[in-house]
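A.B. asks: Can you keep this structure in mind? I'll have questions shortly.
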Amino acid sequence: MFGFGKKAKKMDGIDILLIKTEEGKNRTFYQVAFPSVVANDVISMFRKLQKSPFNKQEYLGDIGGFRMITHLEALTAVQVLDDVDMEAHPVQIQDFANTLLRRLEGLQESGQFEESEDFAFLIGELTMLRDGSFVPQM
């Protein structure tokens with residue numbers, strides 16, 4: 001089967017998405033790590049969030065105004081060479097999603113945004129990522 005070995009290897013890997021922040025206090029970028037098997041869904045959700053009106057500092061804090069700059073696919077290992085530098089350590093998708101989710105839920109509770117399809121979609125996707133219940137589409 002043509003390409004079968006490559007696809008099987010990709011499914012076992014880890015992807016890392018580099019996200020650049022404009023005016024983050026502690027970081028200028030984040031490395032967000034997630035299983036390769038859910039990469040298409042994760043990247044799609046982050047594209048939607050990046051283009052949304054919620055991608056502002058007043059809504060997402062230090063992460064606000066982010067843009068995706070690099071997607072590293074199907075890694076089998078990540079070695080951190082500078083243990084002291086916070087930016088050198090990849091953030092697990094569950095932790096990153098939890099941070100975003102708490103900020104968006106705070107906006108919802110304060111009444112700053114009316115319910116919309118996009119807002120509900122982002123809340124749902126981030127909840128699944130945080131809880132580890134993100135099921136890939138086969």
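Going by the structure tokens order, chains are called A, B, ..., each with residues numbered from 1, while ligands are numbered from 1 in the order shown.
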Would you give me, as JSON lines, each residue of region 10-44 of chain A having an atom within 6 Å of an atom of region 60-70 of chain A, along with its shortest atom pair and that distance in Å to one decimal, using only C-alpha atoms and sorting by chain and residue number?

C.D. replies:
```
{"residue": "A:Leu17", "atom": "CA", "partner": "A:Thr70", "partner_atom": "CA", "distance": 5.9}
{"residue": "A:Leu18", "atom": "CA", "partner": "A:Thr70", "partner_atom": "CA", "distance": 5.1}
{"residue": "A:Ile19", "atom": "CA", "partner": "A:Met68", "partner_atom": "CA", "distance": 4.5}
{"residue": "A:Lys20", "atom": "CA", "partner": "A:Arg67", "partner_atom": "CA", "distance": 5.4}
{"residue": "A:Thr21", "atom": "CA", "partner": "A:Phe66", "partner_atom": "CA", "distance": 4.5}
{"residue": "A:Gly24", "atom": "CA", "partner": "A:Asp62", "partner_atom": "CA", "distance": 4.4}
```

A.B. asks: Find the residues of region 24-71 of chain A that sit at most 6 Å from region 89-94 of chain A; for each, write down the nearest two atoms and how far apart they are in Å, to one decimal. Count only C-alpha atoms. Sort by chain, then by number going up, and give it as a tab-separated table.

C.D. replies:
```
residue	atom	partner	partner_atom	distance
A:Gln31	CA	A:Pro90	CA	4.6
A:Val32	CA	A:Val91	CA	4.8
A:Ala33	CA	A:Gln92	CA	5.0
A:Phe34	CA	A:Ile93	CA	5.5
```

A.B. asks: Would you write out those residues with N, CA and C atoms, as a PDB file, in the first residue's frame?

C.D. replies:
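In the end it all went to selection.pdb:
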```pdb
ATOM      1  N   GLN A  31       4.659  27.127  22.298  1.00  0.00           N
ATOM      2  CA  GLN A  31       4.722  25.865  21.580  1.00  0.00           C
ATOM      3  C   GLN A  31       3.611  25.002  22.165  1.00  0.00           C
ATOM      4  N   VAL A  32       2.598  24.704  21.367  1.00  0.00           N
ATOM      5  CA  VAL A  32       1.470  23.913  21.851  1.00  0.00           C
ATOM      6  C   VAL A  32       1.584  22.512  21.262  1.00  0.00           C
ATOM      7  N   ALA A  33       1.675  21.501  22.132  1.00  0.00           N
ATOM      8  CA  ALA A  33       1.854  20.110  21.708  1.00  0.00           C
ATOM      9  C   ALA A  33       0.541  19.343  21.791  1.00  0.00           C
ATOM     10  N   PHE A  34       0.294  18.506  20.778  1.00  0.00           N
ATOM     11  CA  PHE A  34      -0.915  17.683  20.736  1.00  0.00           C
ATOM     12  C   PHE A  34      -0.659  16.453  19.869  1.00  0.00           C
TER      13      PHE A  34
END
```

A.B. asks: Please provide as a PDB file with N, CA, C and O atoms, in the first residue's frame all residues within 10 Å of Asp95 (chain A), with the sequence filter that same-chain residues fewer than 5 positions apart are discarded (counting only C-alpha atoms).

C.D. replies:
```pdb
ATOM      1  N   VAL A  32       2.598  24.704  21.367  1.00  0.00           N
ATOM      2  CA  VAL A  32       1.470  23.913  21.851  1.00  0.00           C
ATOM      3  C   VAL A  32       1.584  22.512  21.262  1.00  0.00           C
ATOM      4  O   VAL A  32       1.608  22.349  20.043  1.00  0.00           O
ATOM      5  N   ALA A  33       1.675  21.501  22.132  1.00  0.00           N
ATOM      6  CA  ALA A  33       1.854  20.110  21.708  1.00  0.00           C
ATOM      7  C   ALA A  33       0.541  19.343  21.791  1.00  0.00           C
ATOM      8  O   ALA A  33      -0.224  19.511  22.741  1.00  0.00           O
ATOM      9  N   LEU A 100      -7.405  29.203  27.541  1.00  0.00           N
ATOM     10  CA  LEU A 100      -8.297  29.904  26.612  1.00  0.00           C
ATOM     11  C   LEU A 100      -9.752  29.768  27.034  1.00  0.00           C
ATOM     12  O   LEU A 100     -10.515  30.733  26.983  1.00  0.00           O
ATOM     13  N   LEU A 101     -10.126  28.577  27.459  1.00  0.00           N
ATOM     14  CA  LEU A 101     -11.505  28.314  27.850  1.00  0.00           C
ATOM     15  C   LEU A 101     -11.915  29.162  29.050  1.00  0.00           C
ATOM     16  O   LEU A 101     -13.000  29.752  29.058  1.00  0.00           O
ATOM     17  N   LEU A 129     -10.860  19.614  24.072  1.00  0.00           N
ATOM     18  CA  LEU A 129      -9.398  19.558  24.151  1.00  0.00           C
ATOM     19  C   LEU A 129      -8.924  19.536  25.602  1.00  0.00           C
ATOM     20  O   LEU A 129      -8.022  18.786  25.954  1.00  0.00           O
ATOM     21  N   ARG A 130      -9.531  20.352  26.434  1.00  0.00           N
ATOM     22  CA  ARG A 130      -9.159  20.400  27.846  1.00  0.00           C
ATOM     23  C   ARG A 130      -9.406  19.066  28.536  1.00  0.00           C
ATOM     24  O   ARG A 130      -8.599  18.584  29.317  1.00  0.00           O
ATOM     25  N   ASP A 131     -10.552  18.458  28.233  1.00  0.00           N
ATOM     26  CA  ASP A 131     -10.950  17.226  28.901  1.00  0.00           C
ATOM     27  C   ASP A 131     -10.329  15.967  28.277  1.00  0.00           C
ATOM     28  O   ASP A 131     -10.504  14.879  28.800  1.00  0.00           O
TER      29      ASP A 131
END
```

A.B. asks: Show me, as a ChimeraX atom specification, the residues that have an atom within 10 Å of Ile123 (chain A) when counting only C-alpha atoms, minus same-chain residues fewer than 3 positions from it.

C.D. replies: /A:97,100-102,104-105,108,117-120,126-129

A.B. asks: Take the residues that were just selected and, keeping C-alpha atoms, output them as a PDB file, in the first residue's frame.

C.D. replies:
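And here is the file that came out, result_5.pdb:
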```
ATOM      1  CA  ALA A  97      -7.110  24.935  25.943  1.00  0.00           C
ATOM      2  CA  LEU A 100      -8.297  29.904  26.612  1.00  0.00           C
ATOM      3  CA  LEU A 101     -11.505  28.314  27.850  1.00  0.00           C
ATOM      4  CA  ARG A 102     -11.374  30.064  31.235  1.00  0.00           C
ATOM      5  CA  LEU A 104     -13.770  32.861  27.049  1.00  0.00           C
ATOM      6  CA  GLU A 105     -16.068  31.585  29.810  1.00  0.00           C
ATOM      7  CA  GLN A 108     -19.560  34.803  28.573  1.00  0.00           C
ATOM      8  CA  GLU A 117     -22.511  29.841  16.678  1.00  0.00           C
ATOM      9  CA  ASP A 118     -18.818  30.711  16.513  1.00  0.00           C
ATOM     10  CA  PHE A 119     -18.577  31.333  20.264  1.00  0.00           C
ATOM     11  CA  ALA A 120     -20.406  28.082  21.065  1.00  0.00           C
ATOM     12  CA  LEU A 126     -11.777  23.944  23.779  1.00  0.00           C
ATOM     13  CA  THR A 127     -13.789  21.952  26.342  1.00  0.00           C
ATOM     14  CA  MET A 128     -13.108  18.723  24.434  1.00  0.00           C
ATOM     15  CA  LEU A 129      -9.398  19.558  24.151  1.00  0.00           C
TER      16      LEU A 129
END
```

A.B. asks: One number please: CA of Glu23 (chain A) to CA of Asn40 (chain A), in Å, one decimal.

C.D. replies: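 Computed distance, CA of Glu23 (chain A) to CA of Asn40 (chain A), equals 27.5 Å.
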
A.B. asks: From the DSSP assignment of the backbone, select every residue of chain A that is strand (DSSP E), and format the answer as a VMD selection string.

C.D. replies: chain A and resid 14 to 20 29 to 35 67 to 75 91 to 92

A.B. asks: Need to verify the contact set: Asp15 (chain A), 6 Å, only C-alpha atoms, exclusion of same-chain residues closer than 3 positions in sequence. Can you return it as a PyMOL selection string?

C.D. replies: chain A and resi 33-36+72-74

A.B. asks: Write out as a count of residues only each polymer residue whose atoms come within 8 Å of Leu107 (chain A), counting only C-alpha atoms; drop sequence neighbours fewer than 5 positions from it.

C.D. replies: 3

A.B. asks: Among chain A, which residues does DSSP mark as alpha helix (DSSP H) when it is run on the backbone? Keep the chain and numbering as in the structure and answer as a ChimeraX atom specification.

C.D. replies: /A:4-11,39-51,57-60,93-110,117-131

A.B. asks: Between A:Gly106, A:Ile43, A:Asn26, A:Ile14, which one has atoms that come closest to Met86 (chain A), using only C-alpha atoms?

C.D. replies: A:Asn26

A.B. asks: Rank nothing, just name the residue among A:Phe96, A:Phe29, A:Phe121, A:Phe134 nearest to Lys48 (chain A), using only C-alpha atoms.

C.D. replies: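 Answer, going by the shortest atom-to-atom distance: A:Phe121.
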
A.B. asks: What does the distance between CA of Arg103 (chain A) and CA of Val78 (chain A) come to in Å, to one decimal place?

C.D. replies: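 That distance, rounded to one decimal, is 28.7 Å.
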
A.B. asks: Let me make sure I understand: among A:Asn98, A:Gln79, A:Thr28, A:Ser110, which one has the smallest atom-to-atom distance to Gly124 (chain A) if we use only C-alpha atoms?

C.D. replies: A:Asn98

A.B. asks: Can you work out which one of A:Ala77, A:Met45, A:Met11, A:Ala88 has the shortest atom-to-atom distance to Tyr30 (chain A), counting only C-alpha atoms?

C.D. replies: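 Checking each of A:Ala77, A:Met45, A:Met11, A:Ala88 against Tyr30 (chain A), counting only C-alpha atoms, the winner is A:Ala88.
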